[in-house]
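K.L.:
Got a structure for you, written out below as structure tokens; questions coming shortly.
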There are 2 protein chains.
Amino acid sequence: MARSKATVCTWLYCPGLLGCFLLGFLAGWFTKPIEKTPNSSDVYQNVRQRLVAEMKAENIKQFLRTFTRLPHVAGTEQNLLLAKQIQDQWKEFGLDSAELVHYDVLLSYPNEKQPNYISVIDDQGNEIFNTSLFEPPPQGYENVTVAMKLLSFSVQADLVYVNYGRTEDFFKLEREMGINCTGKIVIARYGKIFRGNKVRNAVLAGAQGIILYSDPADYCAPGVSAYPDGWNLPSSGAQRGNVLNLNGAGDPLTPGYPAKEYTFRYKVNEGVGIPKIPVHPIGYHDAEVLLRAMRGPAAPDSNWKGSLNVSYNIGPGFTDNSSTRKVRMHVHMNNRITRIYNVIGILRGAVEPDRYIIFGGHRDSWVFGGIDPTTGAAILQEVVRSFGKMKMEGWRPKRTIIFASWDAEEFGLLGSTEWAEENVRVLQERAVAYINTDSSIEGNYTLRVDCTPLLYKLVYNLTKEILSPDEGYENKSLYESWLEKDPATENNSYPRINKLGSGSDFEAYFQRLGIASGRVRYTKNRKADKFSNYPVYHTVYETFEIVEKFYDPTFKKQLAIAQLRGKLVYELADSRVIPFDCRDYGEALKGYSNRIYKLAKKHEEQLKTYKVSFDPLFSAVVNFSKAAAEFHRRLEQVDKKNPIAVRIMNDQLMFIERAFIDPLGLPGRKFYRHVIFAPSSHNKYAGESFPGIYDAMFDIENKADQHKAWEEVKRQISIAAFTVQAAAATLKQVA
Amino acid sequence: MARSKATVCTWLYCPGLLGCFLLGFLAGWFTKPIEKTPNSSDVYQNVRQRLVAEMKAENIKQFLRTFTRLPHVAGTEQNLLLAKQIQDQWKEFGLDSAELVHYDVLLSYPNEKQPNYISVIDDQGNEIFNTSLFEPPPQGYENVTVAMKLLSFSVQADLVYVNYGRTEDFFKLEREMGINCTGKIVIARYGKIFRGNKVRNAVLAGAQGIILYSDPADYCAPGVSAYPDGWNLPSSGAQRGNVLNLNGAGDPLTPGYPAKEYTFRYKVNEGVGIPKIPVHPIGYHDAEVLLRAMRGPAAPDSNWKGSLNVSYNIGPGFTDNSSTRKVRMHVHMNNRITRIYNVIGILRGAVEPDRYIIFGGHRDSWVFGGIDPTTGAAILQEVVRSFGKMKMEGWRPKRTIIFASWDAEEFGLLGSTEWAEENVRVLQERAVAYINTDSSIEGNYTLRVDCTPLLYKLVYNLTKEILSPDEGYENKSLYESWLEKDPATENNSYPRINKLGSGSDFEAYFQRLGIASGRVRYTKNRKADKFSNYPVYHTVYETFEIVEKFYDPTFKKQLAIAQLRGKLVYELADSRVIPFDCRDYGEALKGYSNRIYKLAKKHEEQLKTYKVSFDPLFSAVVNFSKAAAEFHRRLEQVDKKNPIAVRIMNDQLMFIERAFIDPLGLPGRKFYRHVIFAPSSHNKYAGESFPGIYDAMFDIENKADQHKAWEEVKRQISIAAFTVQAAAATLKQVA
């Protein structure tokens, strides 16, 4: 540099040429770009549009068709073959790499030679009624046994009907009706909450076994035929599904660590969350036989009645003429440590390769996976193909995108959790966001979004750019149809967005690691449609045909979801400033703190007696909102040309969600570490806000030691207040 | 930019001026700096030298003099005044800010009206001998009571002599000598291990109380006079010190969270690590009276004998003629939640203000703090002054430096731990390193360094640049005198560096948060000098005069330590690439894994029976070393002009230490989360490598359930292997 300065000086002695030189100098100075911008604004806009234009409904349909011909249960040969097929396609599509990553986890399969069933036993010990061993498979598909994750059991007892098996159902039984479930087999209808919570409640109530069935009230829509003539659940349909209470542990034998070859494993009887009683799902055809015979008090109210033609008596046991009859459960599962395979694909970032956007969904299914997960897995495939196309044309995102096809989600989110455990050190330092791609439709009415408040604005903005796939909303945006069909309860000028709970693979990323996460899908009409989930959920009737005939014949809804998921990934990966808005987190925290205080106010007397104050929490929330507003003001002023200055603020954005993680975890749930959100203790599927405080106050009026109980509430308020303060501090000027 | 391009085109039609223009253009292009480099190489070298030249022995002496005139016990008015004085000086010196940050923590003071003492009681209940209520203060200083952190007790029992009160001492008593300490008061000599471990061992042995005394064998060097004529401990000297087993929790009432106004507090009887028996320290003058009267078997071997003129009988109880006499402990402490104050000073970084180097040491002392901590606090002051000078001359470090004067270290590292707890979210994402500045001399023989392996190379390099302050080493480097006087055991071509244990304020930063840390000081001759620590440690005789007269009359040793600490901070804050070498971590891991395997091999039979393999750990260590070597190769090739590329690798360097942190913590010690290092379970001061495995194997041959015990060893090996693998993965190419 010293030399070029000397050159300038020499030239200055030649006055005639000076003007020329100066002009040249200035031109050189000003035309030289200051920073190489790998995505100029043009290219940027271009890729954004081309990426979405690249995605095709027909491709999604073909992926769905080819991926659902056979069952893809985790740990089976078929599912490994599918993994390899996906891996090959990802390489073909142009990803930088696509690898199979395996873990050896505890899976549980039905014993082929000894299928599980339920009997009614007479006083001679004869089995006078047995439930089906199989669901009759749809035409063109093979026989499949009903699998539940369990140990081997054979128990016999009187039956008690426990409605949905929710906490409040058991409270009603025990506290209002005086019915004791100890030693009984309970029968619960599916719906409302995660089945694992039903099982846990049954165990807490002392039951010896639990039968789960799908009541037509919850799994048949009025006026709709049963599959294959319509999308309702046939009477033989039995919903599979794991019944573990893992609380985020992943593989039950290796909690906290990846299930690799060298990993220490607990014994199966020491494993996390494995129920110690038999569980078996049956169809309503079989359930009706059992329920019809029951004696005891009638259903306490209409909420306890399904729509079978029985009176829903509670029991225990059968009516007078068959009162000596018992119910016997025959449940024999093979527990095996089994190898599972994730497919992990990488599209390396051009500018900040050490910043990761993860786009993952599971590949394994209970049977054919026609909806769950393949309407999501097909989208994953189409999104990878589209990104691959852009990359092969010379583009790269600013940040790295990691694509993941998870295995063994159905057995407890195992593939995604083990991978998170193995990569925890890099993920906690480098992961910007996790977008889930499980089932893209669970209905065909409107959009459903569950995500961190950081993503609200991005979701709103992107849905405005996507055309609504809904009939009657031609030329309107997805945002418009969504807003009209499902406005938020608190503020109906925005569409509803839900809290993240659990029940899919984002769990480890969000609830344990504090990586900003989101999931989007098409859903039913929550106000009009009273059935739980979609009727054939987790049965053999979940096929390609049900999607093609009933749910999304044009595949336009899946395409809209593909576009939205793809756009989320794109914007997170390629925007210069990470598109998070922390002011929305401030607003959300305000709402949650008001809500929890409202709950507390029901105990006004105790709040005084035990000196319980929510003020520190309120004041922390105010501080957070101030810091967030101030942060965004500074963000507008940051020198976008200074890559370090931008990265510093991006790091602050990336680490906001992480700031809500407490390494000590929630009481009794050490792998749920997010202080603001957790899966509800009463329903894993639902998200609970300020879960520590909520759980400490739950049913507090019935706790024996009131002083101790309210001290725990105070402790939880203190933890929440500290956490929000600490998160606010991360948003302040860094020094 | 489009406009200037048009201008260029117009000019090109004027051929005569074209050459000129082109030359000008090129000159403009090439003279424009590509990146602003706030520290050009010249300035860099310059500040490095000027900073060190700025530090003066005389200044350190003056700071030591003025800071040690009064006692500065945590929570007292004097110590708050000193905090304010330091804050004012830091502002004057030019720091960007200097704030007092307070916490309300549980402290414990002696009851002025009811001083603590020990009596011998005759069978009439008369106190026929009482220990001193006070240490006679040195001339010119006031009376000071002896404080220990305790509850209120008055217990009476027979006495048992337990040597140093180490684990092995109690094993010998119980297993070889058949002496049961249940219900007894034990008397232990100070030394070898942290006093809190002695207390814990006494509690585990069932003792009702524990008396600690300083034996001349451990606190008097031969041929040296007692203070004030020499530096030996007077017979009346009683070592203060906390006896908590906090295991990194900080304030006992707010474990895991900062002790702010709004924080939930446990009751004192629920507090972490507070001993449930009385503890009292006495001088050897008093101890001799007690020991002389003791009956029972003689000291089992010479290791059990101190150098008092008694036979060190074990007890229990006194000899025949006084066998009815008992010992009574009168211990009445005031436990108070008390406000403490850290001083936090900031020198903002010019380039990466969000990267922090922390330089902290405590300010509170037990009495005058002549050595502990003020020989460190004086250095902190001189280092701040020197950095402030550079800053006022226009310089700033690349990264932010945080200076900290901690409070209440003596009560269990409280000030530093609470601040770490309050700032945990930003520290874990932004802290590059922590350098401790507690006492700079505990002897005057040679350098002692305890640090993370990441800092080995930096310490070696910097000590080569500092002149040795040792007599007879004129014109030699500190490195040379250090190497000659204390070569490493394993490889004597390097000077010894020790593992970090605990006992000073780096603990929360290193053992809980995984921030690369180090401490350096002058020490005694470990081979020749058998006394524990320095004799007057934690007594009233720790004065300015003892330093000035005996330890470091020229203050050259303290200056050398100031230079080394200051240089460490400077290089960490201002080097473009963080000066960590992860290859040395690989080497260290290799050594530690070999060592733990050697310990395991003592149980060769069991290793076979229980199928215990260390192979996964060895293979992880090999992977780490490979990844480290590969990382440094890539680091050499990184484009130093690309600030993002450099930051990516710096982030990898910063997060290596963090990668060894397991949020689940060590068994029973949840705030010790570093998998490679922990304070020894038997001596808090010492560092243990692979502490999980070590503790699982400790005394394993005496465990009842061998299968279970070895399963735990396997589990710990698995955790260690995973952690090392995970750390290796952080060093790989980021995508």
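Here, A, B, ... name the chains of the structure tokens in the order displayed, residue numbers run from 1 inside each chain, and ligands are numbered from 1 in the same displayed order.
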Write out as a ChimeraX atom specification all residues of stretch 372-571 of chain B that backbone DSSP assigns to strand (DSSP E or B).
P.N.:
/B:399-406,431-436,441,446-451,467,477,487,495,498,516-523
K.L.:
Would you list the contacts of A:Val155 as a ChimeraX atom specification, taking every protein, DNA or RNA residue within 10 Å and counting only C-alpha atoms, but skipping same-chain residues closer than 6 positions in sequence?
P.N.:
/A:118,183-185,208-209,277-278,327-331
K.L.:
I'd like the neighbourhood of A:Ala720 as a list in words, where a residue qualifies if any of its atoms comes within 10 Å (using only C-alpha atoms), though same-chain residues fewer than 3 positions away should be ignored.
P.N.:
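Neighbouring residues, sequence-local ones excluded: Ser593, Phe614, Pro616, Leu617, Ala620, Val621, Phe660, Asp662, Val675, Ile676, Phe690, Pro691, Gly692, Ile693, Lys714, Arg715, Gln716, Ile717, Thr723, Val724, Gln725 and Ala726 of chain A.
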K.L.:
Just C-alpha atoms for this one: save the residues we selected as a PDB file, in the first residue's frame.
P.N.:
ATOM      1  CA  SER A 593     -47.813 -13.740  31.948  1.00  0.00           C
ATOM      2  CA  PHE A 614     -45.970 -12.003  40.013  1.00  0.00           C
ATOM      3  CA  PRO A 616     -40.903  -9.730  39.123  1.00  0.00           C
ATOM      4  CA  LEU A 617     -42.267 -11.636  36.134  1.00  0.00           C
ATOM      5  CA  ALA A 620     -39.079  -8.853  33.416  1.00  0.00           C
ATOM      6  CA  VAL A 621     -41.576  -8.996  30.556  1.00  0.00           C
ATOM      7  CA  PHE A 660     -35.006 -19.310  27.309  1.00  0.00           C
ATOM      8  CA  ASP A 662     -32.528 -23.574  31.517  1.00  0.00           C
ATOM      9  CA  VAL A 675     -38.848 -22.044  30.398  1.00  0.00           C
ATOM     10  CA  ILE A 676     -41.524 -20.354  28.259  1.00  0.00           C
ATOM     11  CA  PHE A 690     -44.781 -20.827  31.635  1.00  0.00           C
ATOM     12  CA  PRO A 691     -45.083 -24.577  32.261  1.00  0.00           C
ATOM     13  CA  GLY A 692     -43.096 -24.481  35.497  1.00  0.00           C
ATOM     14  CA  ILE A 693     -45.530 -22.070  37.120  1.00  0.00           C
ATOM     15  CA  LYS A 714     -42.773 -18.800  44.124  1.00  0.00           C
ATOM     16  CA  ARG A 715     -39.661 -20.684  43.086  1.00  0.00           C
ATOM     17  CA  GLN A 716     -41.086 -21.170  39.593  1.00  0.00           C
ATOM     18  CA  ILE A 717     -42.066 -17.506  39.272  1.00  0.00           C
ATOM     19  CA  THR A 723     -35.063 -16.319  32.513  1.00  0.00           C
ATOM     20  CA  VAL A 724     -36.988 -13.497  30.861  1.00  0.00           C
ATOM     21  CA  GLN A 725     -34.568 -10.932  32.349  1.00  0.00           C
ATOM     22  CA  ALA A 726     -31.618 -12.945  31.108  1.00  0.00           C
TER      23      ALA A 726
END
K.L.:
One decimal, Å: what's the distance from atom CA of A:Asp505 over to atom CA of A:Arg189, could you say?
P.N.:
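Between these atoms lies a distance of 25.4 Å.
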K.L.:
Would you list the contacts of B:Asp581 as a list in words, taking every protein, DNA or RNA residue within 10 Å and counting only C-alpha atoms, but skipping same-chain residues closer than 2 positions in sequence?
P.N.:
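My list of contacting residues is Pro453, Leu454, Leu455, Tyr456, Lys457, Leu458, Ile578, Pro579, Arg583, Asp584, Tyr585, Gly586, Ala628, Ala629, Phe631, His632 and Leu653 of chain B.
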K.L.:
Find the distance between atom CA of B:Asn525 and atom CA of B:Thr446 and write it in Å to one decimal.
P.N.:
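The value is 7.2 Å.
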K.L.:
Would you pick out the contacts of stretch 564-573 of chain A at 9 Å or less, using only C-alpha atoms, so that residues sharing its chain but fewer than 5 positions from it are not included, and give the list as JSON, numbers by chain?
P.N.:
{"A": [48, 51, 52, 349, 355, 356, 357, 358, 359, 379, 380, 383, 384, 386, 387, 397, 398, 399, 400, 401, 432, 433, 434, 435, 436, 437, 458, 459, 462, 463, 466, 519, 520, 559, 578, 579, 580]}
K.L.:
Leaving out B:Ile497 and any residue of its chain fewer than 6 positions from it, which residues lie within 10 Å of it when counting only C-alpha atoms, given as a compact mmCIF listing (two decimals) with all heavy atoms, in the first residue's frame?
P.N.:
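Listed below is the output, around31.txt:
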# COMPACT_ATOMS: atom_id res chain seq x y z
N LEU B 447 7.27 -19.83 39.27
CA LEU B 447 5.92 -19.64 38.74
C LEU B 447 5.08 -20.91 38.95
O LEU B 447 5.59 -22.03 38.87
CB LEU B 447 6.03 -19.34 37.24
CG LEU B 447 4.74 -18.99 36.51
CD1 LEU B 447 4.15 -17.69 37.03
CD2 LEU B 447 4.99 -18.88 35.00
N ARG B 448 3.79 -20.71 39.20
CA ARG B 448 2.85 -21.82 39.21
C ARG B 448 1.69 -21.45 38.28
O ARG B 448 1.13 -20.37 38.40
CB ARG B 448 2.33 -22.06 40.62
CG ARG B 448 1.18 -23.04 40.66
CD ARG B 448 0.78 -23.38 42.08
NE ARG B 448 -0.53 -24.02 42.08
CZ ARG B 448 -1.22 -24.33 43.19
NH1 ARG B 448 -0.71 -24.05 44.38
NH2 ARG B 448 -2.39 -24.91 43.11
N VAL B 449 1.36 -22.36 37.40
CA VAL B 449 0.31 -22.11 36.42
C VAL B 449 -0.70 -23.25 36.47
O VAL B 449 -0.33 -24.42 36.45
CB VAL B 449 0.90 -22.01 34.98
CG1 VAL B 449 -0.22 -21.86 33.95
CG2 VAL B 449 1.88 -20.86 34.90
N ASP B 450 -1.98 -22.92 36.59
CA ASP B 450 -3.06 -23.90 36.42
C ASP B 450 -3.93 -23.36 35.29
O ASP B 450 -4.44 -22.24 35.40
CB ASP B 450 -3.96 -24.01 37.66
CG ASP B 450 -3.22 -24.23 38.97
OD1 ASP B 450 -1.97 -24.22 38.98
OD2 ASP B 450 -3.91 -24.41 40.00
N CYS B 451 -4.11 -24.12 34.24
CA CYS B 451 -4.94 -23.60 33.15
C CYS B 451 -5.44 -24.70 32.23
O CYS B 451 -4.99 -25.84 32.29
CB CYS B 451 -4.19 -22.54 32.34
SG CYS B 451 -2.83 -23.16 31.35
N THR B 452 -6.39 -24.33 31.39
CA THR B 452 -6.87 -25.23 30.34
C THR B 452 -5.73 -25.52 29.38
O THR B 452 -4.91 -24.64 29.10
CB THR B 452 -8.03 -24.57 29.56
OG1 THR B 452 -8.28 -25.37 28.39
CG2 THR B 452 -7.71 -23.16 29.12
N PRO B 453 -5.70 -26.73 28.83
CA PRO B 453 -4.66 -27.04 27.83
C PRO B 453 -4.66 -26.09 26.64
O PRO B 453 -3.62 -25.90 26.00
CB PRO B 453 -5.03 -28.47 27.40
CG PRO B 453 -5.74 -29.06 28.59
CD PRO B 453 -6.48 -27.91 29.20
N TYR B 456 -1.82 -23.56 27.08
CA TYR B 456 -0.43 -23.95 27.33
C TYR B 456 0.55 -23.14 26.46
O TYR B 456 1.49 -22.54 26.97
CB TYR B 456 -0.21 -25.44 27.01
CG TYR B 456 -0.82 -26.42 27.99
CD1 TYR B 456 -0.71 -27.79 27.76
CD2 TYR B 456 -1.50 -25.99 29.14
CE1 TYR B 456 -1.26 -28.71 28.64
CE2 TYR B 456 -2.05 -26.91 30.01
CZ TYR B 456 -1.93 -28.27 29.76
OH TYR B 456 -2.47 -29.19 30.62
N VAL B 459 0.88 -19.45 27.32
CA VAL B 459 1.61 -19.24 28.57
C VAL B 459 3.11 -19.45 28.33
O VAL B 459 3.94 -18.66 28.78
CB VAL B 459 1.09 -20.18 29.68
CG1 VAL B 459 2.04 -20.18 30.87
CG2 VAL B 459 -0.31 -19.76 30.11
N TYR B 460 3.44 -20.51 27.62
CA TYR B 460 4.87 -20.74 27.34
C TYR B 460 5.47 -19.57 26.57
O TYR B 460 6.53 -19.05 26.90
CB TYR B 460 5.06 -22.05 26.56
CG TYR B 460 4.79 -23.30 27.38
CD1 TYR B 460 4.22 -24.43 26.80
CD2 TYR B 460 5.13 -23.35 28.74
CE1 TYR B 460 3.98 -25.58 27.55
CE2 TYR B 460 4.89 -24.50 29.49
CZ TYR B 460 4.32 -25.61 28.89
OH TYR B 460 4.08 -26.74 29.63
N ASP B 486 10.92 -26.04 38.02
CA ASP B 486 9.74 -26.90 38.14
C ASP B 486 9.34 -27.53 36.80
O ASP B 486 8.29 -27.22 36.24
CB ASP B 486 8.56 -26.11 38.73
CG ASP B 486 7.44 -27.02 39.23
OD1 ASP B 486 7.70 -28.22 39.44
OD2 ASP B 486 6.31 -26.52 39.39
N PRO B 487 10.19 -28.43 36.31
CA PRO B 487 9.85 -29.08 35.04
C PRO B 487 8.66 -30.03 35.22
O PRO B 487 8.43 -30.53 36.32
CB PRO B 487 11.11 -29.85 34.68
CG PRO B 487 11.77 -30.11 36.00
CD PRO B 487 11.44 -28.93 36.88
N ALA B 488 7.94 -30.24 34.14
CA ALA B 488 6.79 -31.16 34.20
C ALA B 488 7.27 -32.58 34.48
O ALA B 488 8.37 -32.96 34.08
CB ALA B 488 6.02 -31.11 32.89
N THR B 489 6.45 -33.34 35.17
CA THR B 489 6.81 -34.71 35.52
C THR B 489 6.87 -35.59 34.27
O THR B 489 7.80 -36.38 34.09
CB THR B 489 5.79 -35.29 36.51
OG1 THR B 489 5.59 -34.35 37.56
CG2 THR B 489 6.25 -36.61 37.10
N VAL B 520 -2.26 -17.78 37.24
CA VAL B 520 -0.80 -17.85 37.39
C VAL B 520 -0.42 -17.10 38.66
O VAL B 520 -1.07 -16.14 39.04
CB VAL B 520 -0.07 -17.23 36.18
CG1 VAL B 520 -0.46 -17.92 34.89
CG2 VAL B 520 -0.35 -15.73 36.05
K.L.:
One number please: atom CA of B:Ser468 to atom CA of B:Ile371, in Å, one decimal.
P.N.:
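These atoms are spaced 20.8 Å apart.
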K.L.:
Using only C-alpha atoms, which protein or nucleic acid residues come within 12 Å of stretch 543-549 of chain B? Drop anything in the same chain fewer than 5 positions from it, and give the result as a ChimeraX atom specification.
P.N.:
/B:57-58,60-71,137-141,226-233,365-375,378,439-444,534-538,554-558
K.L.:
So, with only C-alpha atoms as the atoms that count, which of B:Asp354, B:Asp218, B:Glu480, B:Glu712 lies closest to B:Asn163?
P.N.:
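Between B:Asp354, B:Asp218, B:Glu480, B:Glu712, the residue approaching B:Asn163 most closely is B:Asp218.
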K.L.:
Any chance you could list, as JSON, numbers by chain, the residues in stretch 348-595 of chain A that come up helix (DSSP H, G or I) when DSSP is run on the backbone?
P.N.:
{"A": [374, 375, 376, 377, 378, 379, 380, 381, 382, 383, 384, 385, 386, 387, 388, 389, 390, 391, 392, 414, 415, 416, 417, 418, 419, 420, 421, 422, 424, 425, 426, 427, 428, 429, 430, 453, 454, 455, 456, 457, 458, 459, 460, 461, 462, 463, 464, 465, 478, 479, 480, 481, 482, 483, 484, 485, 507, 508, 509, 510, 511, 512, 544, 545, 546, 547, 548, 549, 550, 551, 556, 557, 558, 559, 560, 561, 562, 563, 564, 565, 566, 567, 568, 569, 570, 571, 572, 573, 574, 582, 583, 584, 585, 586, 587, 588, 589, 590, 591, 592, 593, 594, 595]}
